[in-house]
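Structure data follow from upload.cif (mmCIF, C-alpha atoms and all ligand atoms):
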```cif
data_input
#
loop_
_atom_site.label_atom_id
_atom_site.label_comp_id
_atom_site.auth_asym_id
_atom_site.auth_seq_id
_atom_site.Cartn_x
_atom_site.Cartn_y
_atom_site.Cartn_z
CA PRO A 209 -3.42 19.43 -12.12
CA ALA A 210 -5.49 18.58 -9.07
CA ARG A 211 -5.05 15.57 -6.86
CA TYR A 212 -6.45 12.22 -8.05
CA ARG A 213 -9.76 11.20 -6.61
CA THR A 214 -11.64 7.90 -6.43
CA VAL A 215 -13.65 8.90 -9.51
CA HIS A 216 -10.49 9.06 -11.64
CA PHE A 217 -9.59 5.45 -10.83
CA GLN A 218 -13.16 4.46 -11.62
CA GLN A 219 -12.80 6.21 -15.01
CA MET A 220 -9.49 4.44 -15.66
CA LYS A 221 -11.15 1.07 -15.07
CA GLU A 222 -14.09 1.93 -17.31
CA ALA A 223 -11.67 2.99 -20.07
CA GLY A 224 -9.71 -0.26 -19.75
CA GLY A 225 -6.73 1.62 -18.31
CA LYS A 226 -4.16 0.75 -15.65
CA PHE A 227 -2.56 2.68 -12.79
CA ALA A 228 0.42 2.32 -10.50
CA MET A 229 0.59 2.44 -6.71
CA LEU A 230 3.78 2.36 -4.62
CA THR A 231 4.25 2.28 -0.89
CA CYS A 232 5.77 5.44 0.54
CA TYR A 233 6.59 6.63 4.04
CA ASP A 234 8.38 9.98 3.79
CA ALA A 235 8.05 13.35 2.08
CA LEU A 236 11.15 13.32 -0.15
CA THR A 237 10.44 9.90 -1.63
CA ALA A 238 6.79 10.89 -1.99
CA ALA A 239 7.76 13.98 -4.01
CA ILE A 240 9.90 11.85 -6.35
CA PHE A 241 7.13 9.29 -6.95
CA ASP A 242 4.51 12.04 -7.31
CA GLU A 243 6.63 13.83 -9.90
CA ALA A 244 7.23 10.52 -11.69
CA GLY A 245 3.48 10.19 -12.18
CA ILE A 246 2.70 7.36 -9.75
CA GLU A 247 -1.06 7.73 -9.44
CA THR A 248 -1.44 6.52 -5.88
CA LEU A 249 0.82 6.15 -2.84
CA LEU A 250 0.20 3.82 0.09
CA ILE A 251 1.47 4.36 3.58
CA GLY A 252 1.40 0.64 4.19
CA ASP A 253 1.80 -0.91 7.59
CA SER A 254 4.70 -2.60 5.77
CA LEU A 255 6.53 0.36 7.32
CA GLY A 256 6.81 -1.98 10.32
CA ASN A 257 9.12 -4.13 8.19
CA VAL A 258 10.93 -1.71 5.91
CA VAL A 259 11.16 1.40 8.12
CA GLN A 260 11.05 0.04 11.66
CA GLY A 261 12.99 -3.19 11.03
CA GLN A 262 10.40 -5.48 12.61
CA SER A 263 9.65 -9.00 11.41
CA SER A 264 5.94 -8.31 10.95
CA THR A 265 3.42 -5.47 10.60
CA LEU A 266 1.64 -6.39 13.82
CA GLY A 267 3.32 -3.83 16.09
CA VAL A 268 2.54 -0.80 13.93
CA THR A 269 0.41 1.76 15.78
CA MET A 270 -2.07 4.46 14.77
CA GLU A 271 0.53 7.02 15.89
CA ASP A 272 3.08 5.48 13.49
CA MET A 273 0.57 5.58 10.64
CA ILE A 274 -0.26 9.23 11.41
CA THR A 275 3.40 10.32 11.54
CA PHE A 276 4.35 8.77 8.20
CA SER A 277 1.05 9.58 6.47
CA LYS A 278 1.42 13.29 7.22
CA ALA A 279 4.88 13.22 5.64
CA VAL A 280 3.62 11.58 2.44
CA VAL A 281 0.67 13.96 2.09
CA ALA A 282 3.06 16.89 2.58
CA GLY A 283 5.35 15.59 -0.17
CA THR A 284 2.65 15.20 -2.84
CA ASP A 285 0.37 17.36 -4.97
CA ARG A 286 -1.08 14.85 -7.35
CA ALA A 287 -1.10 11.33 -5.90
CA PHE A 288 -4.12 9.73 -4.26
CA VAL A 289 -2.73 8.96 -0.81
CA VAL A 290 -3.97 5.91 1.09
CA ALA A 291 -2.99 4.64 4.55
CA ASP A 292 -3.49 1.27 6.20
CA LEU A 293 -5.56 0.84 9.32
CA PRO A 294 -2.98 -0.95 11.49
CA PHE A 295 -3.54 -4.24 13.34
CA GLY A 296 -5.70 -3.66 16.41
CA SER A 297 -7.28 -0.40 15.25
CA TYR A 298 -10.52 -1.70 13.70
CA GLU A 299 -11.24 -5.37 14.40
CA ALA A 300 -13.04 -5.06 17.73
CA SER A 301 -16.13 -3.27 16.43
CA VAL A 302 -17.65 -1.15 13.71
CA GLU A 303 -17.38 1.81 16.11
CA GLN A 304 -13.65 1.23 16.57
CA ALA A 305 -13.12 1.06 12.80
CA VAL A 306 -15.06 4.29 12.22
CA ALA A 307 -13.17 6.11 14.98
CA SER A 308 -9.78 4.95 13.64
CA GLY A 309 -10.64 5.71 10.02
CA ILE A 310 -11.88 9.20 10.84
CA ARG A 311 -8.82 9.90 13.00
CA LEU A 312 -6.43 8.84 10.25
CA VAL A 313 -8.13 11.03 7.63
CA LYS A 314 -8.60 13.97 9.99
CA GLU A 315 -5.05 14.07 11.32
CA THR A 316 -3.18 13.39 8.06
CA GLY A 317 -5.10 14.56 5.00
CA ILE A 318 -5.04 11.16 3.27
CA SER A 319 -7.77 10.41 0.73
CA ALA A 320 -8.65 6.84 1.74
CA ILE A 321 -7.89 4.13 4.25
CA LYS A 322 -7.10 0.50 3.44
CA MET A 323 -8.38 -2.28 5.65
CA GLU A 324 -7.51 -5.97 5.61
CA GLY A 325 -10.33 -8.51 5.76
CA GLY A 326 -13.17 -10.24 3.96
CA VAL A 327 -16.96 -10.31 4.24
CA GLU A 328 -16.82 -10.09 8.04
CA TYR A 329 -15.72 -6.47 7.54
CA ALA A 330 -18.57 -5.45 5.23
CA PRO A 331 -20.38 -3.69 8.12
CA HIS A 332 -17.20 -1.77 8.97
CA ILE A 333 -16.77 -0.67 5.35
CA GLN A 334 -20.40 0.39 5.17
CA ALA A 335 -20.17 2.45 8.35
CA LEU A 336 -16.86 4.07 7.37
CA THR A 337 -18.26 4.98 3.97
CA ALA A 338 -21.41 6.40 5.55
CA ALA A 339 -19.15 8.48 7.80
CA GLY A 340 -17.30 9.89 4.79
CA VAL A 341 -14.19 7.73 4.85
CA ALA A 342 -13.29 6.09 1.53
CA VAL A 343 -12.20 2.49 2.03
CA ILE A 344 -9.98 0.19 0.00
CA ALA A 345 -10.63 -3.42 0.98
CA HIS A 346 -7.63 -5.79 1.15
CA THR A 347 -8.19 -9.51 0.60
CA GLY A 348 -6.23 -12.59 -0.46
CA PHE A 349 -3.18 -12.83 1.76
CA THR A 350 -3.64 -10.40 4.65
CA PRO A 351 -0.35 -10.07 6.58
CA GLN A 352 -2.03 -8.89 9.79
CA SER A 353 -3.57 -12.39 10.01
CA GLU A 354 -0.34 -14.31 9.36
CA HIS A 355 -0.75 -16.33 12.56
CA VAL A 356 -4.23 -17.46 11.53
CA LEU A 357 -3.33 -18.03 7.87
CA GLY A 358 -0.22 -20.05 8.77
CA GLY A 359 2.44 -17.83 7.24
CA PHE A 360 2.97 -16.07 3.92
CA ARG A 361 1.02 -18.17 1.45
CA VAL A 362 -0.77 -17.72 -1.81
CA GLN A 363 -4.51 -17.55 -1.09
CA GLY A 364 -7.30 -18.71 -3.37
CA ARG A 365 -5.78 -21.99 -4.57
CA GLU A 366 -8.73 -24.20 -3.67
CA ASP A 367 -11.00 -25.52 -6.46
CA ASP A 368 -13.83 -23.08 -5.87
CA ALA A 369 -11.51 -20.14 -5.11
CA THR A 370 -12.70 -17.99 -8.01
CA GLN A 371 -16.33 -18.32 -6.98
CA ARG A 372 -15.51 -17.66 -3.31
CA MET A 373 -13.31 -14.64 -4.02
CA VAL A 374 -15.73 -13.15 -6.55
CA GLN A 375 -18.58 -13.46 -4.06
CA GLU A 376 -16.47 -11.95 -1.27
CA ALA A 377 -15.40 -9.08 -3.52
CA GLN A 378 -19.00 -8.39 -4.54
CA VAL A 379 -20.04 -8.15 -0.90
CA LEU A 380 -17.20 -5.68 -0.21
CA GLN A 381 -18.10 -3.64 -3.29
CA GLU A 382 -21.75 -3.64 -2.22
CA ALA A 383 -20.67 -2.43 1.24
CA GLY A 384 -19.11 0.61 -0.40
CA ALA A 385 -15.43 -0.25 -0.93
CA THR A 386 -14.00 2.20 -3.48
CA MET A 387 -11.33 -0.27 -4.61
CA LEU A 388 -10.27 -3.82 -3.80
CA LEU A 389 -6.65 -4.84 -3.25
CA MET A 390 -5.69 -8.50 -3.65
CA GLU A 391 -2.40 -9.86 -2.33
CA MET A 392 -0.83 -13.18 -3.37
CA VAL A 393 -3.74 -14.58 -5.36
CA PRO A 394 -3.47 -16.69 -8.55
CA ALA A 395 -3.54 -14.44 -11.62
CA GLU A 396 -6.65 -16.13 -13.04
CA VAL A 397 -8.60 -15.68 -9.83
CA ALA A 398 -7.64 -12.01 -9.49
CA ALA A 399 -8.53 -11.36 -13.15
CA ALA A 400 -11.94 -12.95 -12.64
CA VAL A 401 -12.54 -10.79 -9.57
CA ASP A 402 -11.58 -7.63 -11.48
CA GLN A 403 -13.97 -8.54 -14.30
CA ALA A 404 -16.81 -9.26 -11.90
CA LEU A 405 -16.50 -5.89 -10.15
CA THR A 406 -17.35 -2.38 -11.28
CA ILE A 407 -14.78 -0.88 -8.85
CA PRO A 408 -11.04 -0.90 -9.69
CA THR A 409 -8.81 -3.62 -8.26
CA ILE A 410 -5.16 -3.40 -7.24
CA GLY A 411 -2.87 -6.42 -7.24
CA ILE A 412 0.36 -7.44 -5.52
CA GLY A 413 1.47 -10.90 -6.46
CA ALA A 414 -1.89 -11.22 -8.23
CA GLY A 415 -0.97 -11.21 -11.93
CA SER A 416 -1.69 -8.60 -14.58
CA GLY A 417 -5.48 -8.78 -14.66
CA THR A 418 -6.08 -6.23 -11.91
CA THR A 419 -6.73 -2.57 -12.74
CA GLY A 420 -3.73 -1.34 -10.75
CA GLN A 421 -0.52 -2.75 -9.33
CA VAL A 422 1.28 -2.05 -6.05
CA LEU A 423 4.75 -2.89 -4.77
CA VAL A 424 6.71 -2.05 -1.64
CA TRP A 425 9.24 0.38 -3.11
CA GLN A 426 12.15 -0.68 -0.93
CA ASP A 427 11.71 -4.22 -2.25
CA ALA A 428 11.20 -3.26 -5.90
CA PHE A 429 13.88 -0.57 -6.13
CA GLY A 430 16.53 -2.35 -4.12
CA LEU A 431 16.81 -0.40 -0.89
CA ASN A 432 15.97 -3.72 0.75
CA ARG A 433 18.99 -5.85 -0.11
CA GLY A 434 17.65 -8.85 1.83
CA ARG A 435 15.17 -11.46 0.61
CA VAL A 436 12.09 -10.18 -1.17
CA PRO A 437 8.98 -12.10 -2.25
CA SER A 438 9.19 -13.89 -5.62
CA PHE A 439 6.50 -11.68 -7.17
CA VAL A 440 8.70 -8.59 -6.73
CA LYS A 441 10.57 -7.39 -9.81
CA ARG A 442 13.72 -5.34 -9.19
CA PHE A 443 13.45 -2.09 -11.13
CA ALA A 444 16.53 -0.49 -9.55
CA GLU A 445 19.35 -1.11 -7.07
CA VAL A 446 19.05 1.98 -4.90
CA GLY A 447 20.75 0.13 -2.05
CA ASP A 448 23.91 -0.31 -4.13
CA ALA A 449 23.89 3.38 -5.07
CA LEU A 450 23.62 4.36 -1.38
CA SER A 451 26.35 1.93 -0.41
CA ASP A 452 28.69 3.31 -3.08
CA ALA A 453 27.96 6.87 -1.96
CA ALA A 454 28.61 6.01 1.70
CA LYS A 455 31.92 4.30 0.86
CA GLN A 456 33.11 7.19 -1.28
CA TYR A 457 32.10 9.75 1.36
CA ARG A 458 33.98 7.85 4.07
CA GLU A 459 37.06 7.46 1.91
CA GLU A 460 37.18 11.17 1.16
CA VAL A 461 36.72 12.04 4.86
CA LEU A 462 39.53 9.69 5.89
CA LYS A 463 41.86 11.13 3.23
CA ALA A 464 40.85 14.70 4.17
CA GLU A 465 39.67 15.26 0.58
CA PHE A 466 36.23 16.25 1.84
CA PRO A 467 35.42 19.01 2.53
CA ASP A 468 37.49 20.78 -0.09
CA ASP A 469 37.56 24.56 -0.61
CA GLU A 470 34.36 24.49 -2.65
CA HIS A 471 32.46 22.99 0.30
CA SER A 472 34.01 25.13 3.04
CA PHE A 473 33.43 28.66 4.28
O1 LIG B 501 1.49 -2.57 3.85
C1 LIG B 501 1.63 -2.63 2.62
O2 LIG B 501 2.63 -2.18 2.04
C2 LIG B 501 0.56 -3.25 1.85
C3 LIG B 501 0.83 -3.56 0.41
C4 LIG B 501 1.86 -4.63 0.31
C5 LIG B 501 -0.38 -3.89 -0.32
O3 LIG B 501 -0.48 -3.50 2.37
NA NA B 502 -0.46 -3.39 4.62
#
```
Could you write out this file's structure as structure tokens?
Amino acid sequence: PARYRTVHFQQMKEAGGKFAMLTCYDALTAAIFDEAGIETLLIGDSLGNVVQGQSSTLGVTMEDMITFSKAVVAGTDRAFVVADLPFGSYEASVEQAVASGIRLVKETGISAIKMEGGVEYAPHIQALTAAGVAVIAHTGFTPQSEHVLGGFRVQGREDDATQRMVQEAQVLQEAGATMLLMEMVPAEVAAAVDQALTIPTIGIGAGSGTTGQVLVWQDAFGLNRGRVPSFVKRFAEVGDALSDAAKQYREEVLKAEFPDDEHSF
């Protein structure tokens, strides 16, 4: 079957269906997730944390996004592949956003870009869309603004949060966003936003009322053995499997059990 397109996610929403997104940063992992049926893969700027070992996403560059995005596109046949516009690549002007979005699509083969920000980015979304770049808007907690937001906090807890977030989402939809991702938002608020929009929504720490869900795979599947956010469910302990494999490999090398005849020329 052909690769997923925006229209398929629109159809899923209209049919009352759900879909799954995972982060991904390399070709082999991408091939596994693609084969497993994950509908959409995100080269998140979370690669700053989980691949590059940094304490935030702020240092991630366009070059980083291009390197890892190419790998994920190469590893997939089916998944709708999305990449983040990194911090500093779109905020200065509509022109900067369009140039960065086009570059990311042109140099990697991804199907859409994701951009953090609210109504102030409606003009950017409109111009990107007009230029042929599909945009997923990202609201709620936006990690690139951690220093303005005062750390990792649930957004949309104020009394009129639902009204504010619905209005914001409608502006982004009107600007041309193909989907809306909400991070760390109360479940009720996110559900209300999904219901108010015609476009699909994707949630992370946003309850079950969004059309799709996304998680950082290293957090959800246990490659990251450090602290993970409370909204992350552990579906596997890949880190333990790797650790066991490494220990066994070392033991066999030290005892001269590996390589044996079968693995020698
Ligand atoms: O960078 C990322 O992985 C993300 C998701 C957490 C939504 O933006
Ligand atoms: Na991100």
**Complete:** For Tyr298 in chain A, the closest of A:Val356, A:Met270, A:Leu389, A:Ala244 counting only C-alpha atoms is A:Met270
Using all atoms listed in the file, find each protein or nucleic acid residue lying at most 8 Å from ligand NA 502 (chain B); present the set as a PDB file with C-alpha atoms, keeping the file's coordinate frame.
```
ATOM      1  CA  GLY A 252       1.400   0.640   4.190  1.00  0.00           C
ATOM      2  CA  ASP A 253       1.800  -0.910   7.590  1.00  0.00           C
ATOM      3  CA  SER A 254       4.700  -2.600   5.770  1.00  0.00           C
ATOM      4  CA  THR A 265       3.420  -5.470  10.600  1.00  0.00           C
ATOM      5  CA  ASP A 292      -3.490   1.270   6.200  1.00  0.00           C
ATOM      6  CA  PRO A 294      -2.980  -0.950  11.490  1.00  0.00           C
ATOM      7  CA  LYS A 322      -7.100   0.500   3.440  1.00  0.00           C
ATOM      8  CA  GLU A 324      -7.510  -5.970   5.610  1.00  0.00           C
ATOM      9  CA  THR A 350      -3.640 -10.400   4.650  1.00  0.00           C
ATOM     10  CA  PRO A 351      -0.350 -10.070   6.580  1.00  0.00           C
ATOM     11  CA  GLN A 352      -2.030  -8.890   9.790  1.00  0.00           C
TER      12      GLN A 352
END
```
**Request:** Would you work out the distance separating CA of Leu450 in chain A from CA of Leu230 in chain A, expressed in Å to one decimal?
**Result:**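 Calculated distance between CA of Leu450 in chain A and CA of Leu230 in chain A is 20.2 Å.
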**Item:** Exercise: Ala338 in chain A partners within 12 Å, all atoms listed in the file, chain neighbours under 3 positions left out, as a ChimeraX atom specification
**Value:** /A:302,306,309-310,331-335,341-343,383-385
**Contacts of Gly296 in chain A within 10 Å, all atoms listed in the file, excl. fewer than 6 positions in-chain, as a PyMOL selection string** = chain A and resi 266-270+304-305+308+352
**Request:** Take the point (-8.5, 10.1, 1.1) as written in the file and pick out every residue within 7 Å of it, counting only C-alpha atoms; give the list as a list of chain:residue names.
**Result:** A:Phe288, A:Val289, A:Val290, A:Val313, A:Gly317, A:Ile318, A:Ser319, A:Ala320, A:Ile321, A:Ala342
**Request:** Please identify all polymer residues lying at most 10 Å from the point (15.1, 2.9, -2.2) (file coordinates), using all atoms listed in the file, and present the result as a PyMOL selection string.
**Result:** chain A and resi 237+424-433+444-450
**Prompt:** Between A:Lys463, A:Gly348, A:Ala369, A:Ile251, which is the closest to ligand LIG 501 (chain B) once you count all atoms listed in the file?
**Reply:**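 For ligand LIG 501 (chain B), the nearest of the given residues is A:Ile251.
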**Message:** Just checking: using only C-alpha atoms, which residue out of A:Glu391, A:Asp285, A:Glu376, A:Glu465 ends up closest to Arg361 in chain A?
**Reply:**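 Using only C-alpha atoms, Arg361 in chain A sits closest to A:Glu391.
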**Message:** Neighbouring residues of Ile407 in chain A were defined as those with any atom within 8 Å, considering all atoms listed in the file; residues of the same chain fewer than 6 positions away were excluded. Please report them as a list of chain:residue names.
**Reply:**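 Result of the neighbour search: A:Gln218, A:Lys221, A:Gln381, A:Ala385, A:Thr386, A:Met387, A:Leu388.
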**Pick from A:Gln371, A:Ser264, A:Ser472, A:Gln403, whichever lies nearest to ligand LIG 501 (chain B) using all atoms listed in the file** =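 The answer is A:Ser264, which sits nearest to ligand LIG 501 (chain B).
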**Request:** Could you check how far CA of Ala282 in chain A sits from CA of Met229 in chain A, in Å to one decimal?
**Result:** 17.4 Å
